$ cat start_12.tsv   # TSV, C-alpha atoms and all ligand atoms
chain	number	residue	atom	x	y	z
A	26	MET	CA	86.38	86.98	92.90
A	27	ASP	CA	85.99	89.53	90.14
A	28	PRO	CA	82.82	91.51	90.86
A	29	GLY	CA	82.76	92.61	87.22
A	30	GLY	CA	83.91	96.18	87.65
A	31	ILE	CA	87.12	97.66	86.39
A	32	LEU	CA	89.62	96.76	89.05
A	33	LEU	CA	92.53	99.04	88.59
A	34	LEU	CA	95.48	99.79	90.74
A	35	VAL	CA	97.99	102.35	89.47
A	36	THR	CA	101.13	103.16	91.44
A	37	ILE	CA	103.48	106.12	91.14
A	38	GLU	CA	107.12	105.49	91.93
A	39	GLY	CA	110.48	107.20	91.70
A	40	ILE	CA	113.35	108.42	93.84
A	41	ASP	CA	112.99	111.45	96.10
A	42	GLY	CA	113.13	114.69	94.13
A	43	THR	CA	111.35	113.51	90.99
A	44	GLY	CA	108.38	115.81	91.58
A	45	LYS	CA	106.01	113.05	92.60
A	46	SER	CA	104.08	115.21	95.07
A	47	THR	CA	103.53	117.95	92.47
A	48	LEU	CA	102.40	115.34	89.95
A	49	LEU	CA	99.97	113.76	92.40
A	50	ALA	CA	98.40	117.13	93.23
A	51	ALA	CA	97.94	117.86	89.51
A	52	LEU	CA	96.50	114.39	88.82
A	53	LYS	CA	93.89	114.90	91.52
A	54	GLU	CA	92.51	117.78	89.47
A	55	ARG	CA	93.02	116.32	86.04
A	56	LEU	CA	91.47	112.92	86.74
A	57	VAL	CA	88.57	114.14	88.84
A	58	ASP	CA	86.02	112.70	86.38
A	59	LEU	CA	87.39	109.18	87.00
A	60	ASN	CA	86.70	109.59	90.72
A	61	PRO	CA	89.88	107.78	91.76
A	62	VAL	CA	90.82	106.92	95.32
A	63	PHE	CA	94.24	108.36	96.12
A	64	THR	CA	96.39	106.73	98.73
A	65	ARG	CA	100.04	106.75	99.74
A	66	GLU	CA	102.76	104.79	101.46
A	67	PRO	CA	103.80	105.51	104.13
A	68	GLY	CA	100.11	105.98	104.75
A	69	ALA	CA	97.73	107.89	106.95
A	70	THR	CA	97.17	105.26	109.67
A	71	TRP	CA	99.11	105.12	112.96
A	72	VAL	CA	101.23	102.45	111.28
A	73	GLY	CA	102.27	105.08	108.72
A	74	GLU	CA	103.09	107.43	111.59
A	75	SER	CA	105.35	104.83	113.16
A	76	VAL	CA	107.12	104.40	109.81
A	77	ARG	CA	107.77	108.15	109.65
A	78	ARG	CA	109.11	108.05	113.20
A	79	ALA	CA	111.35	105.11	112.30
A	80	ILE	CA	112.71	107.01	109.28
A	81	ALA	CA	113.37	110.12	111.38
A	82	GLU	CA	115.08	108.20	114.18
A	83	GLN	CA	117.10	106.05	111.76
A	84	ILE	CA	116.51	102.81	113.57
A	85	ASP	CA	118.03	99.60	112.31
A	86	PRO	CA	117.20	98.74	108.69
A	87	ILE	CA	115.35	95.48	109.40
A	88	THR	CA	113.00	97.23	111.84
A	89	GLU	CA	112.47	99.98	109.27
A	90	ALA	CA	111.84	97.53	106.41
A	91	THR	CA	109.30	95.48	108.37
A	92	LEU	CA	107.47	98.65	109.41
A	93	PHE	CA	107.21	99.67	105.74
A	94	VAL	CA	105.70	96.24	105.02
A	95	ALA	CA	103.30	96.61	107.95
A	96	ASP	CA	102.26	99.99	106.57
A	97	HIS	CA	101.64	98.38	103.18
A	98	ALA	CA	99.37	95.79	104.84
A	99	ALA	CA	97.48	98.61	106.55
A	100	ASN	CA	97.16	100.53	103.26
A	101	LEU	CA	95.77	97.41	101.55
A	102	ALA	CA	93.37	96.62	104.37
A	103	THR	CA	92.05	100.10	105.02
A	104	VAL	CA	92.12	101.76	101.57
A	105	VAL	CA	93.14	99.65	98.58
A	106	ARG	CA	91.07	96.49	98.98
A	107	PRO	CA	87.86	98.28	100.03
A	108	ALA	CA	88.16	100.71	97.09
A	109	LEU	CA	88.92	97.99	94.54
A	110	ALA	CA	86.00	95.98	95.90
A	111	GLN	CA	83.78	98.93	94.98
A	112	GLY	CA	85.19	98.93	91.46
A	113	LYS	CA	87.14	102.14	91.97
A	114	LEU	CA	90.38	103.21	90.37
A	115	VAL	CA	93.08	103.37	93.02
A	116	ILE	CA	96.20	105.51	92.61
A	117	SER	CA	98.94	104.95	95.19
A	118	ASP	CA	101.78	107.40	95.76
A	119	ARG	CA	104.50	104.78	96.36
A	120	TYR	CA	103.73	101.11	96.86
A	121	SER	CA	105.57	97.77	96.95
A	122	ASP	CA	108.22	98.75	94.37
A	123	SER	CA	109.41	101.41	96.84
A	124	ARG	CA	110.31	98.60	99.24
A	125	PHE	CA	111.90	96.47	96.53
A	126	ALA	CA	113.98	99.45	95.37
A	127	TYR	CA	114.86	101.32	98.61
A	128	GLN	CA	115.05	98.49	101.13
A	129	SER	CA	117.04	96.23	98.83
A	130	VAL	CA	119.63	99.03	99.03
A	131	THR	CA	119.35	99.74	102.78
A	132	LEU	CA	119.47	96.01	103.57
A	133	ALA	CA	122.44	95.22	101.30
A	134	GLY	CA	125.08	93.58	103.47
A	135	VAL	CA	122.62	93.23	106.35
A	136	ILE	CA	120.82	90.14	105.09
A	137	PRO	CA	121.91	87.77	102.28
A	138	ASP	CA	119.41	88.53	99.50
A	139	PRO	CA	117.35	91.59	100.45
A	140	GLU	CA	115.23	91.74	97.30
A	141	GLU	CA	114.22	88.10	97.52
A	142	TRP	CA	113.45	88.54	101.23
A	143	LEU	CA	111.34	91.62	100.54
A	144	ARG	CA	109.44	90.02	97.66
A	145	ALA	CA	108.80	86.91	99.77
A	146	MET	CA	107.36	89.15	102.51
A	147	HIS	CA	104.75	90.39	100.03
A	148	ASN	CA	103.89	87.03	98.48
A	149	GLY	CA	100.44	85.61	98.90
A	150	TRP	CA	98.64	88.71	100.21
A	151	SER	CA	99.82	91.83	98.42
A	152	ILE	CA	98.27	92.99	95.14
A	153	VAL	CA	100.46	93.56	92.09
A	154	PRO	CA	99.68	96.93	90.47
A	155	ASP	CA	98.14	96.98	86.99
A	156	LYS	CA	100.34	99.90	85.99
A	157	THR	CA	103.31	101.54	87.60
A	158	ILE	CA	104.39	105.00	86.55
A	159	LEU	CA	108.11	105.37	87.18
A	160	LEU	CA	109.45	108.94	87.28
A	161	VAL	CA	113.10	109.03	86.33
A	162	ILE	CA	115.52	111.92	86.77
A	163	PRO	CA	119.31	112.34	86.81
A	164	VAL	CA	120.32	111.94	90.46
A	165	ASP	CA	122.14	115.30	90.48
A	166	ASP	CA	118.93	117.04	89.46
A	167	ALA	CA	116.97	115.16	92.12
A	168	LEU	CA	119.50	116.26	94.74
A	169	SER	CA	119.39	119.90	93.68
A	170	ARG	CA	115.59	119.83	93.83
A	171	LEU	CA	115.84	118.39	97.35
A	172	ALA	CA	118.50	120.86	98.47
A	173	GLY	CA	116.08	123.45	99.84
A	174	LYS	CA	113.81	120.97	101.59
A	175	ASN	CA	113.57	120.81	105.37
A	176	GLY	CA	113.66	117.54	107.29
A	177	ARG	CA	115.39	115.49	104.63
A	178	GLU	CA	115.24	111.72	104.99
A	179	HIS	CA	118.34	109.60	105.37
A	180	PHE	CA	117.62	108.03	101.95
A	181	GLU	CA	118.21	111.34	100.22
A	182	ARG	CA	121.91	110.89	99.53
A	183	ARG	CA	123.59	110.44	96.17
A	184	GLU	CA	124.99	106.96	96.85
A	185	ILE	CA	121.59	105.69	98.01
A	186	LEU	CA	119.44	107.39	95.36
A	187	GLU	CA	121.68	106.25	92.51
A	188	LYS	CA	121.34	102.64	93.58
A	189	VAL	CA	117.62	102.97	94.26
A	190	GLN	CA	116.99	104.45	90.81
A	191	ASN	CA	119.04	101.67	89.19
A	192	ARG	CA	116.90	99.11	91.02
A	193	TYR	CA	113.73	100.81	89.74
A	194	LEU	CA	115.06	100.81	86.18
A	195	GLU	CA	115.85	97.11	86.42
A	196	PHE	CA	112.30	96.42	87.55
A	197	ALA	CA	110.98	98.39	84.58
A	198	ARG	CA	113.17	96.40	82.20
A	199	ALA	CA	111.99	93.15	83.76
A	200	GLU	CA	108.28	94.07	83.51
A	201	PRO	CA	107.93	96.39	80.52
A	202	SER	CA	104.17	95.89	80.23
A	203	ARG	CA	103.52	97.00	83.80
A	204	PHE	CA	105.92	99.94	83.92
A	205	VAL	CA	105.59	103.29	82.18
A	206	VAL	CA	108.88	105.16	82.47
A	207	VAL	CA	108.51	108.94	82.47
A	208	ASP	CA	111.23	111.56	82.04
A	209	ALA	CA	110.71	113.74	85.13
A	210	MET	CA	112.93	116.47	83.64
A	211	LEU	CA	110.15	117.40	81.23
A	212	ASP	CA	108.00	120.40	81.96
A	213	LYS	CA	105.64	119.57	84.84
A	214	ASP	CA	102.49	120.14	82.77
A	215	GLU	CA	103.84	117.80	80.15
A	216	VAL	CA	104.58	115.14	82.76
A	217	THR	CA	101.07	115.52	84.18
A	218	ARG	CA	99.45	115.27	80.76
A	219	PHE	CA	101.50	112.23	79.81
A	220	VAL	CA	100.79	110.38	83.07
A	221	ALA	CA	97.09	111.30	83.05
A	222	ASP	CA	96.80	110.01	79.48
A	223	ALA	CA	98.59	106.78	80.40
A	224	ILE	CA	96.18	106.24	83.29
A	225	ARG	CA	93.16	107.00	81.09
A	226	GLN	CA	94.40	104.49	78.57
A	227	VAL	CA	94.67	101.79	81.21
A	228	VAL	CA	91.15	102.56	82.35
A	229	ALA	CA	89.86	102.57	78.75
A	230	ASN	CA	91.43	99.20	78.13
A	231	GLY	CA	89.26	98.09	81.01
A	232	GLN	CA	91.78	95.61	82.25
A	233	LYS	CA	89.98	93.17	84.47
A	234	HIS	CA	91.77	91.08	86.97
A	235	ILE	CA	90.58	88.30	89.15
A	236	ARG	CA	91.85	88.98	92.59
A	237	LYS	CA	91.96	86.54	95.44
B	301	LIG	P1	107.57	109.79	101.02
B	301	LIG	O1	106.57	110.10	102.10
B	301	LIG	O2	107.08	109.46	99.67
B	301	LIG	O3	108.61	110.95	100.88
B	301	LIG	P2	108.38	112.51	100.90
B	301	LIG	O4	108.90	112.90	102.26
B	301	LIG	O5	109.24	112.96	99.77
B	301	LIG	O6	106.93	112.78	100.68
B	301	LIG	O7	108.48	108.62	101.53
B	301	LIG	C1	109.32	108.80	102.62
B	301	LIG	C2	110.62	108.11	102.36
B	301	LIG	O8	110.47	106.72	102.57
B	301	LIG	C3	111.17	108.29	100.96
B	301	LIG	O9	112.54	108.67	101.07
B	301	LIG	C4	111.07	106.92	100.35
B	301	LIG	C5	111.09	106.00	101.53
B	301	LIG	N1	110.38	104.72	101.37
B	301	LIG	C6	111.10	103.54	101.50
B	301	LIG	O10	112.32	103.55	101.70
B	301	LIG	N2	110.44	102.35	101.39
B	301	LIG	C7	109.11	102.27	101.19
B	301	LIG	O11	108.56	101.16	101.10
B	301	LIG	C8	108.36	103.49	101.06
B	301	LIG	C9	106.89	103.45	100.85
B	301	LIG	C10	109.04	104.70	101.16
$ encode --input "start_12.tsv" --output "structure tokens" --more "lines below"
Ligand code: TYD
Amino acid sequence: MDPGGILLLVTIEGIDGTGKSTLLAALKERLVDLNPVFTREPGATWVGESVRRAIAEQIDPITEATLFVADHAANLATVVRPALAQGKLVISDRYSDSRFAYQSVTLAGVIPDPEEWLRAMHNGWSIVPDKTILLVIPVDDALSRLAGKNGREHFERREILEKVQNRYLEFARAEPSRFVVVDAMLDKDEVTRFVADAIRQVVANGQKHIRK
């Protein structure tokens, strides 16, 4: 039921190396007046910890994918649904599109139609975001930004990231009203300003959604 508040869920997506973490830190300051609830996937629960362990140990891709989905369920149950129920703006650093983009690549050749399988796993209980900010960057630039980072994940390879970014761009083409595509090569202050303005606009439009 719609309790009458502004129920807004904004997600931030993009391949590794787009500057998502820097953007999120800047948004926390810039949007402080909106009092948003920030969350992330993989999240802060023990389920999120097990996902990180699975990524580090490179277990089989079906185990990894189902753990990411379990983590999403935990994020919804512990953070997203309670915050939306209080009429709060929720901003999630990665969300279901991360699964649809990354795991449709890691599961290619493992199961027949990974994207359909992943979407079906979310059907009936997940919440579709109101807006999704997609940070886009040439893969070579993403890789050079990641070059100095310790503990790199197994996803952070050219052949994977290229495919993942192409998946994201297809999603944005398929749902142009949900996605806002942002050039992550722009100056970081400019990216922050642009994304903050986009989020403010969504809030100002006061989109109301009836959620089950
Ligand atoms: P994240 O914690 O955002 O990466 P970072 O270490 O840069 O902060 O995510 C960890 C990795 O998990 C990242 O490479 C993206 C990947 N990932 C998936 O493959 N599927 C998912 O559903 C999610 C949420 C993340």
$ closest_residue --input "start_12.tsv" --among "A:Asp118, A:Gly176, A:Leu34, A:Asp166" --to "A:Thr47" --atoms "all atoms listed in the file"
A:Asp118
$ closest_residue --input "start_12.tsv" --among "A:Val76, A:Leu56, A:Ala98, A:Ile37" --to "A:Asp222" --atoms "all atoms listed in the file"
A:Leu56
$ residues_near_ligand --input "start_12.tsv" --ligand "ligand LIG 301 (chain B)" --cutoff "7 Å" --atoms "only C-alpha atoms and all ligand atoms" --output "compact mmCIF listing (two decimals) with C-alpha atoms, keeping the file's coordinate frame"
# COMPACT_ATOMS: atom_id res chain seq x y z
CA ASP A 41 112.99 111.45 96.10
CA SER A 46 104.08 115.21 95.07
CA GLU A 66 102.76 104.79 101.46
CA PRO A 67 103.80 105.51 104.13
CA PHE A 93 107.21 99.67 105.74
CA VAL A 94 105.70 96.24 105.02
CA ASP A 118 101.78 107.40 95.76
CA ARG A 119 104.50 104.78 96.36
CA TYR A 120 103.73 101.11 96.86
CA SER A 121 105.57 97.77 96.95
CA SER A 123 109.41 101.41 96.84
CA ARG A 124 110.31 98.60 99.24
CA TYR A 127 114.86 101.32 98.61
CA GLN A 128 115.05 98.49 101.13
CA GLU A 178 115.24 111.72 104.99
CA PHE A 180 117.62 108.03 101.95
CA GLU A 181 118.21 111.34 100.22
$ atom_distance --input "start_12.tsv" --atom1 "atom CA of A:Leu109" --atom2 "atom CA of A:Leu32"
5.7 Å
$ residues_around --input "start_12.tsv" --residues "A:Leu101" --least-positions-apart "5" --cutoff "10 Å" --atoms "all atoms listed in the file" --output "NGL selection string"
:A and (64 or 95-96 or 106-109 or 120 or 150-152)
$ residues_around --input "start_12.tsv" --residues "stretch 157-164 of chain A" --least-positions-apart "3" --cutoff "9 Å" --atoms "only C-alpha atoms" --output "MDAnalysis selection string"
chainID A and resid 34:40 42:45 122 154 167:169 183 186:187 190 193:194 197 203:210 220 223:224
$ atom_distance --input "start_12.tsv" --atom1 "atom CA of A:Val115" --atom2 "atom CA of A:Ser202"
18.5 Å
$ closest_residue --input "start_12.tsv" --among "A:Phe196, A:Trp71, A:Trp142, A:Phe63" --to "A:Leu92" --atoms "only C-alpha atoms"
A:Trp71
$ atom_distance --input "start_12.tsv" --atom1 "atom CA of A:Glu54" --atom2 "atom CA of A:Ala221"
10.2 Å
$ closest_residue --input "start_12.tsv" --among "A:Leu132, A:Asn191, A:Ser117, A:Gln111" --to "A:Asp155" --atoms "all atoms listed in the file"
A:Ser117
$ closest_residue --input "start_12.tsv" --among "A:Arg177, A:Val104, A:Ala199, A:Asp165" --to "A:Gln83" --atoms "all atoms listed in the file"
A:Arg177
$ closest_residue --input "start_12.tsv" --among "A:Val135, A:Val153, A:Met146, A:Leu114" --to "A:Pro86" --atoms "only C-alpha atoms"
A:Val135
$ decode --input "start_12.tsv" --residues "stretch 40-58 of chain A" --atoms "N, CA, C and O atoms" --output "PDB file, in the first residue's frame"
ATOM      1  N   ILE A  40      30.334  -0.125 -14.330  1.00  0.00           N
ATOM      2  CA  ILE A  40      31.409  -1.110 -14.160  1.00  0.00           C
ATOM      3  C   ILE A  40      32.404  -0.614 -13.110  1.00  0.00           C
ATOM      4  O   ILE A  40      32.401   0.576 -12.752  1.00  0.00           O
ATOM      5  N   ASP A  41      33.261  -1.510 -12.660  1.00  0.00           N
ATOM      6  CA  ASP A  41      34.325  -1.142 -11.728  1.00  0.00           C
ATOM      7  C   ASP A  41      35.202  -0.079 -12.390  1.00  0.00           C
ATOM      8  O   ASP A  41      35.489  -0.169 -13.582  1.00  0.00           O
ATOM      9  N   GLY A  42      35.611   0.914 -11.617  1.00  0.00           N
ATOM     10  CA  GLY A  42      36.525   1.926 -12.147  1.00  0.00           C
ATOM     11  C   GLY A  42      35.838   3.163 -12.702  1.00  0.00           C
ATOM     12  O   GLY A  42      36.476   4.031 -13.281  1.00  0.00           O
ATOM     13  N   THR A  43      34.522   3.275 -12.481  1.00  0.00           N
ATOM     14  CA  THR A  43      33.805   4.452 -12.983  1.00  0.00           C
ATOM     15  C   THR A  43      33.839   5.612 -11.986  1.00  0.00           C
ATOM     16  O   THR A  43      33.371   6.700 -12.299  1.00  0.00           O
ATOM     17  N   GLY A  44      34.325   5.346 -10.778  1.00  0.00           N
ATOM     18  CA  GLY A  44      34.364   6.401  -9.765  1.00  0.00           C
ATOM     19  C   GLY A  44      33.095   6.440  -8.923  1.00  0.00           C
ATOM     20  O   GLY A  44      32.752   7.460  -8.320  1.00  0.00           O
ATOM     21  N   LYS A  45      32.435   5.318  -8.846  1.00  0.00           N
ATOM     22  CA  LYS A  45      31.180   5.220  -8.101  1.00  0.00           C
ATOM     23  C   LYS A  45      31.376   5.549  -6.617  1.00  0.00           C
ATOM     24  O   LYS A  45      30.548   6.265  -6.036  1.00  0.00           O
ATOM     25  N   SER A  46      32.441   5.019  -6.028  1.00  0.00           N
ATOM     26  CA  SER A  46      32.659   5.251  -4.589  1.00  0.00           C
ATOM     27  C   SER A  46      32.882   6.728  -4.295  1.00  0.00           C
ATOM     28  O   SER A  46      32.345   7.267  -3.320  1.00  0.00           O
ATOM     29  N   THR A  47      33.673   7.394  -5.158  1.00  0.00           N
ATOM     30  CA  THR A  47      33.925   8.830  -4.986  1.00  0.00           C
ATOM     31  C   THR A  47      32.617   9.596  -5.123  1.00  0.00           C
ATOM     32  O   THR A  47      32.320  10.508  -4.338  1.00  0.00           O
ATOM     33  N   LEU A  48      31.817   9.216  -6.109  1.00  0.00           N
ATOM     34  CA  LEU A  48      30.529   9.887  -6.325  1.00  0.00           C
ATOM     35  C   LEU A  48      29.625   9.725  -5.104  1.00  0.00           C
ATOM     36  O   LEU A  48      29.028  10.700  -4.640  1.00  0.00           O
ATOM     37  N   LEU A  49      29.553   8.493  -4.594  1.00  0.00           N
ATOM     38  CA  LEU A  49      28.677   8.247  -3.449  1.00  0.00           C
ATOM     39  C   LEU A  49      29.082   9.094  -2.246  1.00  0.00           C
ATOM     40  O   LEU A  49      28.226   9.670  -1.569  1.00  0.00           O
ATOM     41  N   ALA A  50      30.389   9.177  -2.006  1.00  0.00           N
ATOM     42  CA  ALA A  50      30.877   9.977  -0.876  1.00  0.00           C
ATOM     43  C   ALA A  50      30.469  11.439  -1.053  1.00  0.00           C
ATOM     44  O   ALA A  50      30.014  12.093  -0.108  1.00  0.00           O
ATOM     45  N   ALA A  51      30.584  11.950  -2.280  1.00  0.00           N
ATOM     46  CA  ALA A  51      30.233  13.348  -2.545  1.00  0.00           C
ATOM     47  C   ALA A  51      28.718  13.567  -2.432  1.00  0.00           C
ATOM     48  O   ALA A  51      28.266  14.599  -1.924  1.00  0.00           O
ATOM     49  N   LEU A  52      27.937  12.578  -2.877  1.00  0.00           N
ATOM     50  CA  LEU A  52      26.470  12.719  -2.791  1.00  0.00           C
ATOM     51  C   LEU A  52      26.001  12.770  -1.342  1.00  0.00           C
ATOM     52  O   LEU A  52      25.032  13.465  -1.021  1.00  0.00           O
ATOM     53  N   LYS A  53      26.699  12.025  -0.482  1.00  0.00           N
ATOM     54  CA  LYS A  53      26.314  12.026   0.934  1.00  0.00           C
ATOM     55  C   LYS A  53      26.354  13.442   1.494  1.00  0.00           C
ATOM     56  O   LYS A  53      25.502  13.831   2.283  1.00  0.00           O
ATOM     57  N   GLU A  54      27.336  14.207   1.064  1.00  0.00           N
ATOM     58  CA  GLU A  54      27.434  15.601   1.530  1.00  0.00           C
ATOM     59  C   GLU A  54      26.425  16.487   0.824  1.00  0.00           C
ATOM     60  O   GLU A  54      25.735  17.286   1.439  1.00  0.00           O
ATOM     61  N   ARG A  55      26.346  16.315  -0.477  1.00  0.00           N
ATOM     62  CA  ARG A  55      25.557  17.240  -1.293  1.00  0.00           C
ATOM     63  C   ARG A  55      24.041  17.091  -1.094  1.00  0.00           C
ATOM     64  O   ARG A  55      23.288  18.043  -1.293  1.00  0.00           O
ATOM     65  N   LEU A  56      23.621  15.885  -0.726  1.00  0.00           N
ATOM     66  CA  LEU A  56      22.173  15.641  -0.611  1.00  0.00           C
ATOM     67  C   LEU A  56      21.728  15.548   0.846  1.00  0.00           C
ATOM     68  O   LEU A  56      20.645  15.028   1.128  1.00  0.00           O
ATOM     69  N   VAL A  57      22.556  16.060   1.731  1.00  0.00           N
ATOM     70  CA  VAL A  57      22.295  15.879   3.165  1.00  0.00           C
ATOM     71  C   VAL A  57      20.903  16.407   3.570  1.00  0.00           C
ATOM     72  O   VAL A  57      20.221  15.826   4.414  1.00  0.00           O
ATOM     73  N   ASP A  58      20.463  17.483   2.907  1.00  0.00           N
ATOM     74  CA  ASP A  58      19.158  18.069   3.244  1.00  0.00           C
ATOM     75  C   ASP A  58      17.989  17.129   2.908  1.00  0.00           C
ATOM     76  O   ASP A  58      16.895  17.276   3.468  1.00  0.00           O
TER      77      ASP A  58
END
